[in-house]
>>> print(open('target_24.txt').read())   # compact mmCIF, C-alpha atoms (C1' of nucleotides)
# COMPACT_ATOMS: atom_id res chain seq x y z
CA MET A 265 -78.30 -58.75 -89.10
CA LYS A 266 -74.88 -60.01 -88.13
CA LEU A 267 -71.65 -59.14 -89.80
CA SER A 268 -69.66 -62.13 -90.97
CA THR A 269 -66.16 -62.82 -89.72
CA LYS A 270 -64.94 -61.00 -92.80
CA GLY A 271 -66.01 -57.65 -91.47
CA ARG A 272 -65.24 -58.46 -87.86
CA TYR A 273 -61.77 -59.92 -88.34
CA GLY A 274 -61.03 -57.38 -91.04
CA LEU A 275 -61.67 -54.44 -88.74
CA LYS A 276 -59.58 -56.02 -86.00
CA ALA A 277 -56.71 -56.47 -88.43
CA MET A 278 -56.99 -52.91 -89.69
CA PHE A 279 -57.01 -51.65 -86.12
CA GLU A 280 -53.76 -53.53 -85.45
CA LEU A 281 -52.23 -51.94 -88.52
CA ALA A 282 -53.39 -48.55 -87.28
CA LEU A 283 -51.77 -49.19 -83.88
CA ASN A 284 -48.52 -49.92 -85.67
CA ASP A 285 -48.83 -47.19 -88.25
CA GLY A 286 -45.46 -45.77 -89.26
CA LYS A 287 -43.49 -48.75 -87.98
CA GLY A 288 -42.99 -50.32 -91.39
CA PRO A 289 -44.63 -53.46 -92.72
CA ILE A 290 -46.37 -55.67 -90.13
CA PRO A 291 -46.48 -59.40 -90.88
CA LEU A 292 -49.90 -61.02 -90.89
CA ARG A 293 -48.55 -63.65 -88.56
CA ASN A 294 -48.35 -61.12 -85.73
CA ILE A 295 -51.89 -59.93 -86.26
CA ALA A 296 -53.26 -63.44 -86.55
CA ASP A 297 -51.55 -64.43 -83.31
CA ASN A 298 -52.63 -61.29 -81.47
CA GLN A 299 -56.24 -61.64 -82.48
CA ASN A 300 -56.52 -65.43 -82.49
CA ILE A 301 -57.42 -65.68 -86.14
CA SER A 302 -56.31 -68.26 -88.69
CA GLU A 303 -53.46 -66.69 -90.62
CA HIS A 304 -54.46 -68.27 -93.90
CA TYR A 305 -57.99 -67.02 -93.52
CA LEU A 306 -56.83 -63.52 -92.64
CA GLU A 307 -54.71 -63.64 -95.78
CA GLN A 308 -57.84 -63.87 -97.86
CA LEU A 309 -59.43 -60.97 -96.07
CA ILE A 310 -56.44 -58.70 -96.32
CA SER A 311 -56.14 -59.47 -100.00
CA VAL A 312 -59.60 -57.96 -100.41
CA LEU A 313 -58.53 -54.93 -98.41
CA LYS A 314 -55.51 -54.60 -100.66
CA LYS A 315 -57.69 -54.67 -103.77
CA GLY A 316 -59.79 -52.00 -102.06
CA ASN A 317 -56.65 -49.90 -101.73
CA LEU A 318 -56.77 -49.78 -97.97
CA VAL A 319 -53.48 -51.60 -97.36
CA ASN A 320 -50.15 -52.02 -99.12
CA SER A 321 -47.94 -55.04 -98.86
CA VAL A 322 -44.22 -55.76 -98.89
CA ARG A 323 -43.29 -59.26 -99.98
CA GLY A 324 -40.46 -61.43 -98.78
CA SER A 325 -38.67 -61.63 -95.48
CA LYS A 326 -39.23 -58.59 -93.26
CA GLY A 327 -42.33 -57.97 -95.33
CA GLY A 328 -45.87 -57.41 -94.19
CA TYR A 329 -48.77 -55.01 -94.52
CA MET A 330 -49.31 -51.34 -93.85
CA LEU A 331 -52.11 -48.82 -94.23
CA THR A 332 -52.20 -46.83 -97.46
CA LYS A 333 -53.46 -43.74 -95.63
CA PRO A 334 -53.12 -42.30 -92.13
CA PRO A 335 -55.58 -43.91 -89.67
CA SER A 336 -57.51 -40.64 -89.47
CA LYS A 337 -58.34 -40.96 -93.16
CA ILE A 338 -59.67 -44.53 -93.04
CA THR A 339 -63.21 -45.08 -91.81
CA VAL A 340 -64.79 -48.23 -90.45
CA GLY A 341 -67.29 -47.86 -93.28
CA GLU A 342 -64.65 -48.21 -95.97
CA ILE A 343 -63.31 -51.33 -94.33
CA ILE A 344 -66.65 -53.03 -93.80
CA ARG A 345 -67.92 -52.17 -97.27
CA ALA A 346 -64.72 -53.48 -98.84
CA LEU A 347 -65.16 -56.81 -97.09
CA GLU A 348 -68.90 -57.28 -96.93
CA GLY A 349 -70.16 -55.22 -99.81
CA ASP A 350 -72.61 -52.37 -99.53
CA ILE A 351 -74.69 -52.31 -96.40
CA ALA A 352 -78.34 -53.18 -97.03
CA PRO A 353 -80.81 -54.95 -94.74
CA SER A 354 -82.66 -55.94 -97.92
CA ASP A 355 -81.40 -56.25 -101.49
CA CYS A 356 -84.01 -53.78 -102.65
CA VAL A 357 -82.10 -50.95 -100.99
CA LEU A 358 -78.68 -51.79 -102.39
CA ASP A 359 -77.51 -48.55 -103.96
CA THR A 360 -75.56 -50.35 -106.63
CA LYS A 361 -78.26 -52.59 -107.97
CA HIS A 362 -81.32 -51.08 -109.54
CA ASN A 363 -84.54 -51.66 -107.71
CA ASN A 364 -85.25 -55.35 -107.99
CA CYS A 365 -88.42 -55.24 -105.98
CA ILE A 366 -91.21 -57.28 -107.53
CA LYS A 367 -93.81 -54.85 -106.30
CA GLU A 368 -94.85 -52.16 -108.71
CA GLY A 369 -95.31 -48.71 -107.27
CA TYR A 370 -95.17 -48.16 -103.55
CA CYS A 371 -93.65 -50.67 -101.16
CA ALA A 372 -94.35 -49.96 -97.52
CA THR A 373 -91.30 -51.74 -96.14
CA LYS A 374 -88.71 -50.13 -98.40
CA PRO A 375 -88.52 -46.83 -96.49
CA VAL A 376 -87.85 -48.85 -93.35
CA TRP A 377 -84.91 -50.67 -94.93
CA GLU A 378 -83.60 -47.37 -96.27
CA LYS A 379 -83.64 -45.79 -92.84
CA ILE A 380 -81.81 -48.75 -91.33
CA ARG A 381 -79.24 -48.71 -94.11
CA ASP A 382 -78.65 -44.99 -93.78
CA SER A 383 -78.29 -45.07 -90.04
CA ILE A 384 -75.71 -47.86 -90.19
CA ASN A 385 -73.74 -46.05 -92.85
CA GLU A 386 -73.85 -42.86 -90.85
CA VAL A 387 -72.34 -44.62 -87.86
CA ILE A 388 -69.61 -46.52 -89.66
CA ASP A 389 -68.62 -43.60 -91.86
CA SER A 390 -68.20 -41.38 -88.83
CA ILE A 391 -65.64 -43.60 -87.06
CA THR A 392 -62.03 -43.62 -88.23
CA LEU A 393 -59.24 -45.97 -87.24
CA ALA A 394 -57.64 -43.00 -85.50
CA ASP A 395 -60.77 -42.67 -83.35
CA MET A 396 -60.48 -46.30 -82.34
CA VAL A 397 -56.82 -45.92 -81.46
CA GLU A 398 -57.58 -42.79 -79.47
CA ASP A 399 -60.42 -44.48 -77.59
CA GLN A 400 -58.15 -47.31 -76.59
CA ARG A 401 -55.45 -44.87 -75.50
CA LYS A 402 -57.94 -42.95 -73.35
CA PHE A 403 -59.22 -46.14 -71.82
CA LYS A 404 -55.77 -47.40 -70.92
CA LYS A 405 -54.79 -44.02 -69.50
CA GLN A 406 -57.59 -44.40 -66.98
CA GLY A 407 -55.97 -47.59 -65.83
CA LEU A 408 -59.16 -49.51 -66.41
CA TYR A 409 -57.66 -52.29 -68.49
CA VAL A 410 -56.75 -55.65 -67.03
CA MET B 51 -75.74 -57.37 -92.63
CA LYS B 52 -78.89 -58.51 -94.34
CA LEU B 53 -82.14 -59.41 -92.67
CA SER B 54 -83.41 -62.86 -93.53
CA THR B 55 -86.76 -63.42 -95.18
CA LYS B 56 -88.15 -63.93 -91.70
CA GLY B 57 -87.84 -60.28 -90.84
CA ARG B 58 -88.64 -59.05 -94.31
CA TYR B 59 -91.71 -61.19 -94.95
CA GLY B 60 -92.79 -60.82 -91.37
CA LEU B 61 -92.89 -57.04 -91.54
CA LYS B 62 -94.78 -57.17 -94.83
CA ALA B 63 -97.35 -59.48 -93.28
CA MET B 64 -97.73 -57.30 -90.21
CA PHE B 65 -98.17 -54.25 -92.43
CA GLU B 66 -101.00 -56.02 -94.27
CA LEU B 67 -102.63 -56.80 -90.96
CA ALA B 68 -102.25 -53.15 -89.99
CA LEU B 69 -103.91 -52.06 -93.23
CA ASN B 70 -106.84 -54.30 -92.40
CA ASP B 71 -106.92 -53.52 -88.71
CA GLY B 72 -110.44 -53.61 -87.32
CA LYS B 73 -111.84 -55.66 -90.19
CA GLY B 74 -111.83 -58.95 -88.32
CA PRO B 75 -109.50 -61.90 -88.89
CA ILE B 76 -107.50 -61.84 -92.15
CA PRO B 77 -106.61 -65.23 -93.63
CA LEU B 78 -102.94 -65.86 -94.31
CA ARG B 79 -103.86 -66.90 -97.80
CA ASN B 80 -104.73 -63.32 -98.72
CA ILE B 81 -101.48 -61.96 -97.36
CA ALA B 82 -99.41 -64.65 -99.01
CA ASP B 83 -101.09 -63.95 -102.36
CA ASN B 84 -100.77 -60.18 -102.01
CA GLN B 85 -97.10 -60.33 -101.13
CA ASN B 86 -96.07 -63.30 -103.25
CA ILE B 87 -94.93 -65.38 -100.32
CA SER B 88 -95.35 -69.12 -99.76
CA GLU B 89 -98.34 -69.52 -97.49
CA HIS B 90 -96.84 -72.46 -95.64
CA TYR B 91 -93.68 -70.53 -94.98
CA LEU B 92 -95.57 -67.47 -93.81
CA GLU B 93 -97.46 -69.74 -91.44
CA GLN B 94 -94.23 -70.50 -89.65
CA LEU B 95 -93.34 -66.85 -89.36
CA ILE B 96 -96.72 -65.77 -88.07
CA SER B 97 -96.64 -68.54 -85.51
CA VAL B 98 -93.54 -66.87 -84.08
CA LEU B 99 -95.31 -63.53 -84.09
CA LYS B 100 -98.18 -65.13 -82.26
CA LYS B 101 -95.85 -66.50 -79.60
CA GLY B 102 -94.44 -62.99 -79.35
CA ASN B 103 -97.95 -61.76 -78.64
CA LEU B 104 -98.09 -59.50 -81.66
CA VAL B 105 -100.97 -61.27 -83.40
CA ASN B 106 -104.05 -63.24 -82.42
CA SER B 107 -105.61 -65.96 -84.51
CA VAL B 108 -109.10 -67.28 -85.14
CA ARG B 109 -109.26 -70.88 -86.28
CA GLY B 110 -111.65 -72.48 -88.68
CA SER B 111 -113.54 -71.14 -91.65
CA LYS B 112 -113.71 -67.32 -91.73
CA GLY B 113 -110.70 -67.41 -89.46
CA GLY B 114 -107.40 -65.63 -89.83
CA TYR B 115 -105.05 -63.33 -87.99
CA MET B 116 -105.30 -59.89 -86.44
CA LEU B 117 -103.05 -57.57 -84.49
CA THR B 118 -103.17 -57.78 -80.71
CA LYS B 119 -102.67 -54.01 -80.38
CA PRO B 120 -103.48 -50.94 -82.47
CA PRO B 121 -100.90 -50.36 -85.24
CA SER B 122 -99.68 -47.25 -83.43
CA LYS B 123 -98.60 -49.42 -80.52
CA ILE B 124 -96.58 -51.94 -82.56
CA THR B 125 -93.08 -50.98 -83.62
CA VAL B 126 -90.98 -52.42 -86.41
CA GLY B 127 -88.44 -53.23 -83.74
CA GLU B 128 -90.80 -55.55 -81.88
CA ILE B 129 -91.58 -57.39 -85.09
CA ILE B 130 -88.00 -57.78 -86.25
CA ARG B 131 -86.73 -58.81 -82.84
CA ALA B 132 -89.51 -61.37 -82.49
CA LEU B 133 -88.51 -62.97 -85.77
CA GLU B 134 -84.76 -62.50 -85.93
CA GLY B 135 -83.78 -62.23 -82.30
CA ASP B 136 -81.95 -59.29 -80.79
CA ILE B 137 -80.11 -57.06 -83.20
CA ALA B 138 -76.34 -57.38 -82.93
CA PRO B 139 -73.72 -57.00 -85.65
CA SER B 140 -71.50 -59.21 -83.49
CA ASP B 141 -72.45 -61.72 -80.81
CA CYS B 142 -70.30 -59.88 -78.29
CA VAL B 143 -72.86 -57.06 -78.18
CA LEU B 144 -75.96 -59.19 -77.72
CA ASP B 145 -77.65 -57.71 -74.67
CA THR B 146 -79.03 -61.04 -73.58
CA LYS B 147 -75.83 -63.04 -73.58
CA HIS B 148 -73.04 -62.09 -71.27
CA ASN B 149 -69.87 -60.90 -72.89
CA ASN B 150 -68.43 -63.88 -74.71
CA CYS B 151 -65.44 -62.03 -76.09
CA ILE B 152 -62.21 -63.99 -75.80
CA LYS B 153 -60.22 -60.82 -75.29
CA GLU B 154 -59.61 -59.82 -71.74
CA GLY B 155 -59.94 -56.17 -70.97
CA TYR B 156 -60.43 -53.63 -73.70
CA CYS B 157 -61.57 -54.62 -77.18
CA ALA B 158 -61.28 -51.85 -79.73
CA THR B 159 -63.99 -53.11 -82.06
CA LYS B 160 -66.69 -53.62 -79.45
CA PRO B 161 -67.66 -49.94 -79.15
CA VAL B 162 -68.13 -49.92 -82.93
CA TRP B 163 -70.54 -52.84 -82.84
CA GLU B 164 -72.38 -51.23 -79.94
CA LYS B 165 -72.89 -48.03 -81.87
CA ILE B 166 -74.18 -49.90 -84.90
CA ARG B 167 -76.52 -51.98 -82.75
CA ASP B 168 -77.86 -48.93 -80.95
CA SER B 169 -78.46 -46.95 -84.11
CA ILE B 170 -80.39 -49.79 -85.72
CA ASN B 171 -82.51 -50.24 -82.62
CA GLU B 172 -83.18 -46.54 -82.47
CA VAL B 173 -84.48 -46.57 -86.02
CA ILE B 174 -86.66 -49.66 -85.78
CA ASP B 175 -88.07 -48.74 -82.40
CA SER B 176 -89.12 -45.34 -83.67
CA ILE B 177 -91.27 -46.64 -86.54
CA THR B 178 -94.74 -48.03 -85.83
CA LEU B 179 -97.05 -49.90 -88.16
CA ALA B 180 -99.31 -46.86 -88.02
CA ASP B 181 -96.45 -44.75 -89.39
CA MET B 182 -96.07 -47.15 -92.29
CA VAL B 183 -99.77 -47.07 -93.05
CA GLU B 184 -99.77 -43.29 -92.87
CA ASP B 185 -96.76 -43.03 -95.18
CA GLN B 186 -98.48 -45.19 -97.75
CA ARG B 187 -101.67 -43.16 -97.45
CA LYS B 188 -99.76 -39.90 -97.99
CA PHE B 189 -97.96 -41.34 -100.96
CA LYS B 190 -101.12 -42.52 -102.63
CA LYS B 191 -102.85 -39.20 -101.97
CA GLN B 192 -100.20 -37.55 -104.10
CA GLY B 193 -101.25 -39.80 -106.97
CA LEU B 194 -97.73 -41.07 -107.35
CA TYR B 195 -98.52 -44.75 -107.25
CA VAL B 196 -98.79 -46.85 -110.38
C1' DT C 142 -29.04 -70.71 -99.54
C1' DG C 143 -32.54 -70.59 -96.20
C1' DA C 144 -36.07 -68.57 -93.69
C1' DA C 145 -39.76 -65.43 -93.60
C1' DA C 146 -43.05 -63.58 -95.64
C1' DT C 147 -46.79 -62.54 -99.36
C1' DC C 148 -49.57 -64.45 -103.04
C1' DC C 149 -52.86 -67.70 -105.16
C1' DA C 150 -56.36 -71.38 -106.17
C1' DA C 151 -59.10 -75.02 -104.76
C1' DG C 152 -61.53 -77.90 -101.69
C1' DT C 153 -64.76 -78.76 -97.79
C1' DA C 154 -67.34 -79.64 -93.37
C1' DA C 155 -70.78 -77.59 -90.88
C1' DG C 156 -74.33 -74.58 -90.47
C1' DT C 157 -78.13 -71.70 -92.15
C1' DT C 158 -81.84 -70.38 -95.14
C1' DA C 159 -85.94 -70.77 -97.29
C1' DC C 160 -88.60 -73.29 -98.12
C1' DT C 161 -91.83 -78.01 -99.16
C1' DA C 162 -94.58 -82.06 -97.63
C1' DG C 163 -98.08 -84.00 -95.28
C1' DG C 164 -101.06 -84.03 -92.48
C1' DA C 165 -104.37 -83.00 -87.84
C1' DT C 166 -107.66 -79.94 -85.99
C1' DT C 167 -111.16 -76.33 -85.69
C1' DT C 168 -115.12 -73.77 -87.20
C1' DA C 169 -118.76 -71.41 -90.16
C1' DA C 170 -122.08 -72.22 -93.55
C1' DG C 171 -125.24 -74.80 -96.30
C1' DC D 157 -123.93 -83.55 -91.00
C1' DT D 158 -120.98 -82.58 -94.40
C1' DT D 159 -117.87 -79.70 -96.67
C1' DA D 160 -114.74 -76.17 -97.27
C1' DA D 161 -111.79 -72.88 -95.31
C1' DA D 162 -108.83 -71.94 -92.32
C1' DT D 163 -105.16 -72.50 -88.41
C1' DC D 164 -101.87 -75.58 -86.28
C1' DC D 165 -97.89 -78.81 -86.08
C1' DT D 166 -93.74 -81.60 -87.21
C1' DA D 167 -90.35 -83.16 -90.38
C1' DG D 168 -87.53 -83.14 -94.13
C1' DT D 169 -84.39 -81.04 -97.55
C1' DA D 170 -81.96 -78.76 -101.52
C1' DA D 171 -79.21 -74.97 -102.15
C1' DC D 172 -76.37 -71.72 -100.38
C1' DT D 173 -73.11 -69.52 -97.30
C1' DT D 174 -69.58 -69.41 -93.92
C1' DA D 175 -65.35 -70.09 -92.15
C1' DC D 176 -62.18 -72.03 -92.73
C1' DT D 177 -58.05 -75.74 -94.47
C1' DT D 178 -54.73 -77.54 -97.89
C1' DG D 179 -51.02 -77.09 -100.65
C1' DG D 180 -48.33 -74.92 -102.82
C1' DA D 181 -45.57 -70.80 -105.85
C1' DT D 182 -43.11 -66.67 -105.44
C1' DT D 183 -40.41 -62.90 -103.46
C1' DT D 184 -36.95 -60.88 -100.57
C1' DC D 185 -33.70 -60.14 -96.67
C1' DA D 186 -29.67 -61.80 -94.31
>>> encode(input="target_24.txt", output="structure tokens")
Amino acid sequence: MKLSTKGRYGLKAMFELALNDGKGPIPLRNIADNQNISEHYLEQLISVLKKGNLVNSVRGSKGGYMLTKPPSKITVGEIIRALEGDIAPSDCVLDTKHNNCIKEGYCATKPVWEKIRDSINEVIDSITLADMVEDQRKFKKQGLYV
Amino acid sequence: MKLSTKGRYGLKAMFELALNDGKGPIPLRNIADNQNISEHYLEQLISVLKKGNLVNSVRGSKGGYMLTKPPSKITVGEIIRALEGDIAPSDCVLDTKHNNCIKEGYCATKPVWEKIRDSINEVIDSITLADMVEDQRKFKKQGLYV
DNA sequence: TGAAATCCAAGTAAGTTACTAGGATTTAAG
DNA sequence: CTTAAATCCTAGTAACTTACTTGGATTTCA
């Protein structure tokens, strides 16, 4: 039940873009350096986010990436689903696929996987990038950061 | 964010044991046949559950496995954690380990992983094997099964 | 023209998953 | 006392996934 680096790095990158929202295109290099991630690898992740219409890019010198929408309109759920696919603790509760359970009729474990799936989705769909930025701002205001 | 077959098969096996609770030891062979799982593989999983004190075994002919506690006292969470380890979408929110995040100070993604972790745990700790048995019983009473 | 950046496709080492193989041991029943 | 049914135990392993790396081609600003 772990997210892969796709989802984890991807959210970090999107958070950085949210922090710099409105400042024009941000080069991947900066994000990769800030977050200690291989730039080439991050490239692959952000390309998925671009296909998912969550970021735009500007090529060439002075280019970079920017969010397609204000941070308050982008949820963690959109980001994670773009990178990792639909959330499902078991394939049999993937919304997209039709039920591929071998069992005919009732399966006792399926409702469990559905509840887990739904609760994860509820959490990640309720958090926006703006929330994350705000939480960091609040934290730093308290002078609790190192 | 998928469970491995450990957690999925393991819960199915434990559910079968719950269904047959009080009927003496149930051989793994039956469960493996019922659920279409390799018996040898299931052996390995149930051995973990035994170490986790969730099942007892009786060796020899007429032997098998049985729950150590009534189904109402065994949660899905205990089973999944025994087989898959602590739930954590990212290692940095594993309760057991100390914070192994490279970042000093505030990390914006950590609260997200914590919320996901907590919501999953809340779900799986709130469902007992007895609940699963009851849900199946209700379903079958409605005559909806094949 | 050069540097900075995105874009793109392929390869790959290491790790994980989901088993299989091959037995040793224990126990009830005939 | 033998046999069959079962748990117990340790290795091995093919296939897959992960988390990258390599090596460029292309675009754009200055």
>>> closest_atom_pairs(input="target_24.txt", of="chain A", to="chain C", cutoff="8 Å", atoms="only C-alpha atoms (C1' of nucleotides)", output="Markdown table")
| residue | atom | partner | partner_atom | distance |
| --- | --- | --- | --- | --- |
| A:Pro291 | CA | C:DA146 | C1' | 7.2 |
| A:Ser321 | CA | C:DT147 | C1' | 7.6 |
| A:Val322 | CA | C:DT147 | C1' | 7.3 |
| A:Arg323 | CA | C:DT147 | C1' | 4.8 |
| A:Gly324 | CA | C:DA146 | C1' | 4.6 |
| A:Ser325 | CA | C:DA145 | C1' | 4.4 |
| A:Lys326 | CA | C:DA146 | C1' | 6.7 |
| A:Gly327 | CA | C:DA146 | C1' | 5.7 |
| A:Gly328 | CA | C:DA146 | C1' | 6.9 |
>>> interface_residues(input="target_24.txt", of="chain D", to="chain B", cutoff="7 Å", atoms="all atoms listed in the file", output="list in words")
DA161, DA162 and DT163 of chain D
>>> closest_atom_pairs(input="target_24.txt", of="chain A", to="chain B", cutoff="9 Å", atoms="only C-alpha atoms", output="CSV")
residue,atom,partner,partner_atom,distance
A:Met265,CA,B:Met51,CA,4.6
A:Lys266,CA,B:Pro139,CA,4.1
A:Leu267,CA,B:Pro139,CA,5.1
A:Ser268,CA,B:Met51,CA,7.9
A:Thr269,CA,B:Ser140,CA,9.0
A:Arg272,CA,B:Ser140,CA,7.7
A:Leu275,CA,B:Thr159,CA,7.2
A:Lys276,CA,B:Thr159,CA,6.6
A:Phe279,CA,B:Ala158,CA,7.7
A:Gln299,CA,B:Lys153,CA,8.3
A:Asn300,CA,B:Ile152,CA,8.9
A:Val340,CA,B:Val162,CA,8.4
A:Glu348,CA,B:Met51,CA,8.1
A:Ile351,CA,B:Met51,CA,6.4
A:Ala352,CA,B:Lys52,CA,6.0
A:Pro353,CA,B:Lys52,CA,4.1
A:Ser354,CA,B:Lys52,CA,5.8
A:Asp355,CA,B:Lys52,CA,7.9
A:Ile366,CA,B:Asn86,CA,8.8
A:Lys367,CA,B:Gln85,CA,8.2
A:Glu368,CA,B:Val196,CA,6.8
A:Gly369,CA,B:Val196,CA,5.0
A:Tyr370,CA,B:Tyr195,CA,6.0
A:Cys371,CA,B:Gln186,CA,8.1
A:Ala372,CA,B:Met182,CA,6.2
A:Thr373,CA,B:Lys62,CA,6.6
A:Pro375,CA,B:Met182,CA,8.6
A:Val376,CA,B:Ile174,CA,7.7
A:Lys379,CA,B:Val173,CA,6.9
A:Ile380,CA,B:Ile170,CA,5.9
A:Arg381,CA,B:Ile170,CA,8.5
A:Ser383,CA,B:Ser169,CA,6.2
A:Ile384,CA,B:Ile166,CA,5.9
A:Asn385,CA,B:Ile166,CA,8.8
A:Val387,CA,B:Ile166,CA,6.3
A:Ile388,CA,B:Ile166,CA,7.4
A:Ile391,CA,B:Val162,CA,7.9
A:Met396,CA,B:Ala158,CA,6.2
A:Val397,CA,B:Ala158,CA,7.6
A:Asp399,CA,B:Ala158,CA,7.7
A:Gln400,CA,B:Ala158,CA,6.3
A:Phe403,CA,B:Tyr156,CA,7.8
A:Lys404,CA,B:Tyr156,CA,8.3
A:Leu408,CA,B:Gly155,CA,8.1
A:Tyr409,CA,B:Gly155,CA,5.1
A:Val410,CA,B:Gly155,CA,5.1
>>> atom_distance(input="target_24.txt", atom1="CA of Ala346 (chain A)", atom2="CA of Arg131 (chain B)")
27.7 Å
>>> residues_around(input="target_24.txt", residues="Thr339 (chain A)", least_positions_apart="3", cutoff="9 Å", atoms="all atoms listed in the file", output="ChimeraX atom specification")
/A:335-336,342-344,388-394
>>> axis_aligned_box(input="target_24.txt", around="region 172-184 of chain D", padding_each_side="4 Å", output="JSON")
{"center_x": -56.7, "center_y": -69.2, "center_z": -99.0, "size_x": 47.4, "size_y": 24.7, "size_z": 21.7}
>>> atom_distance(input="target_24.txt", atom1="CA of Asp83 (chain B)", atom2="CA of Met64 (chain B)")
14.3 Å
>>> atom_distance(input="target_24.txt", atom1="CA of Ala82 (chain B)", atom2="C1' of DT169 (chain D)")
22.3 Å
>>> closest_residue(input="target_24.txt", among="A:Leu281, A:Leu358, A:Val312, A:Ile290", to="Pro334 (chain A)", atoms="all atoms listed in the file")
A:Leu281
>>> decode(input="target_24.txt", residues="region 324-383 of chain A", atoms="C-alpha atoms", output="PDB file, in the first residue's frame")
ATOM      1  CA  GLY A 324      13.506  27.001 -24.935  1.00  0.00           C
ATOM      2  CA  SER A 325      15.626  29.252 -22.799  1.00  0.00           C
ATOM      3  CA  LYS A 326      13.697  30.935 -19.976  1.00  0.00           C
ATOM      4  CA  GLY A 327      11.172  28.158 -20.386  1.00  0.00           C
ATOM      5  CA  GLY A 328       9.745  25.848 -17.786  1.00  0.00           C
ATOM      6  CA  TYR A 329       6.462  24.603 -16.375  1.00  0.00           C
ATOM      7  CA  MET A 330       3.435  26.210 -14.808  1.00  0.00           C
ATOM      8  CA  LEU A 331       0.079  25.091 -13.464  1.00  0.00           C
ATOM      9  CA  THR A 332      -2.847  25.158 -15.880  1.00  0.00           C
ATOM     10  CA  LYS A 333      -5.240  26.190 -13.103  1.00  0.00           C
ATOM     11  CA  PRO A 334      -4.981  28.140  -9.848  1.00  0.00           C
ATOM     12  CA  PRO A 335      -3.673  25.978  -6.974  1.00  0.00           C
ATOM     13  CA  SER A 336      -7.096  26.108  -5.321  1.00  0.00           C
ATOM     14  CA  LYS A 337      -8.551  24.273  -8.305  1.00  0.00           C
ATOM     15  CA  ILE A 338      -6.047  21.413  -8.372  1.00  0.00           C
ATOM     16  CA  THR A 339      -6.517  18.556  -5.920  1.00  0.00           C
ATOM     17  CA  VAL A 340      -3.990  16.035  -4.696  1.00  0.00           C
ATOM     18  CA  GLY A 341      -6.355  13.412  -6.083  1.00  0.00           C
ATOM     19  CA  GLU A 342      -6.040  14.672  -9.636  1.00  0.00           C
ATOM     20  CA  ILE A 343      -2.277  14.622  -9.378  1.00  0.00           C
ATOM     21  CA  ILE A 344      -1.981  11.170  -7.866  1.00  0.00           C
ATOM     22  CA  ARG A 345      -4.504   9.639 -10.229  1.00  0.00           C
ATOM     23  CA  ALA A 346      -2.753  11.164 -13.226  1.00  0.00           C
ATOM     24  CA  LEU A 347       0.528   9.589 -12.170  1.00  0.00           C
ATOM     25  CA  GLU A 348      -0.494   6.330 -10.557  1.00  0.00           C
ATOM     26  CA  GLY A 349      -3.812   5.570 -12.166  1.00  0.00           C
ATOM     27  CA  ASP A 350      -7.050   5.088 -10.316  1.00  0.00           C
ATOM     28  CA  ILE A 351      -6.734   4.256  -6.655  1.00  0.00           C
ATOM     29  CA  ALA A 352      -7.681   0.662  -5.873  1.00  0.00           C
ATOM     30  CA  PRO A 353      -6.311  -1.640  -3.173  1.00  0.00           C
ATOM     31  CA  SER A 354      -7.417  -4.517  -5.410  1.00  0.00           C
ATOM     32  CA  ASP A 355      -8.019  -4.602  -9.162  1.00  0.00           C
ATOM     33  CA  CYS A 356     -11.549  -5.800  -8.595  1.00  0.00           C
ATOM     34  CA  VAL A 357     -12.536  -2.349  -7.354  1.00  0.00           C
ATOM     35  CA  LEU A 358     -11.019  -0.349 -10.187  1.00  0.00           C
ATOM     36  CA  ASP A 359     -13.868   1.823 -11.406  1.00  0.00           C
ATOM     37  CA  THR A 360     -12.594   1.792 -14.952  1.00  0.00           C
ATOM     38  CA  LYS A 361     -12.297  -1.921 -15.466  1.00  0.00           C
ATOM     39  CA  HIS A 362     -15.366  -4.080 -15.273  1.00  0.00           C
ATOM     40  CA  ASN A 363     -15.455  -6.514 -12.428  1.00  0.00           C
ATOM     41  CA  ASN A 364     -12.749  -9.049 -13.127  1.00  0.00           C
ATOM     42  CA  CYS A 365     -13.336 -11.042 -10.003  1.00  0.00           C
ATOM     43  CA  ILE A 366     -13.312 -14.780 -10.630  1.00  0.00           C
ATOM     44  CA  LYS A 367     -15.910 -15.339  -7.956  1.00  0.00           C
ATOM     45  CA  GLU A 368     -19.483 -15.475  -9.106  1.00  0.00           C
ATOM     46  CA  GLY A 369     -22.005 -13.709  -6.932  1.00  0.00           C
ATOM     47  CA  TYR A 370     -21.001 -12.320  -3.584  1.00  0.00           C
ATOM     48  CA  CYS A 371     -17.391 -11.708  -2.613  1.00  0.00           C
ATOM     49  CA  ALA A 372     -16.878 -10.937   1.044  1.00  0.00           C
ATOM     50  CA  THR A 373     -13.666  -8.974   0.625  1.00  0.00           C
ATOM     51  CA  LYS A 374     -14.849  -6.646  -2.130  1.00  0.00           C
ATOM     52  CA  PRO A 375     -16.814  -4.305   0.157  1.00  0.00           C
ATOM     53  CA  VAL A 376     -13.668  -3.930   2.247  1.00  0.00           C
ATOM     54  CA  TRP A 377     -11.585  -2.877  -0.753  1.00  0.00           C
ATOM     55  CA  GLU A 378     -14.334  -0.495  -1.812  1.00  0.00           C
ATOM     56  CA  LYS A 379     -14.378   1.202   1.566  1.00  0.00           C
ATOM     57  CA  ILE A 380     -10.605   1.605   1.537  1.00  0.00           C
ATOM     58  CA  ARG A 381     -10.677   2.980  -1.996  1.00  0.00           C
ATOM     59  CA  ASP A 382     -13.435   5.442  -1.191  1.00  0.00           C
ATOM     60  CA  SER A 383     -11.804   6.707   1.956  1.00  0.00           C
TER      61      SER A 383
END
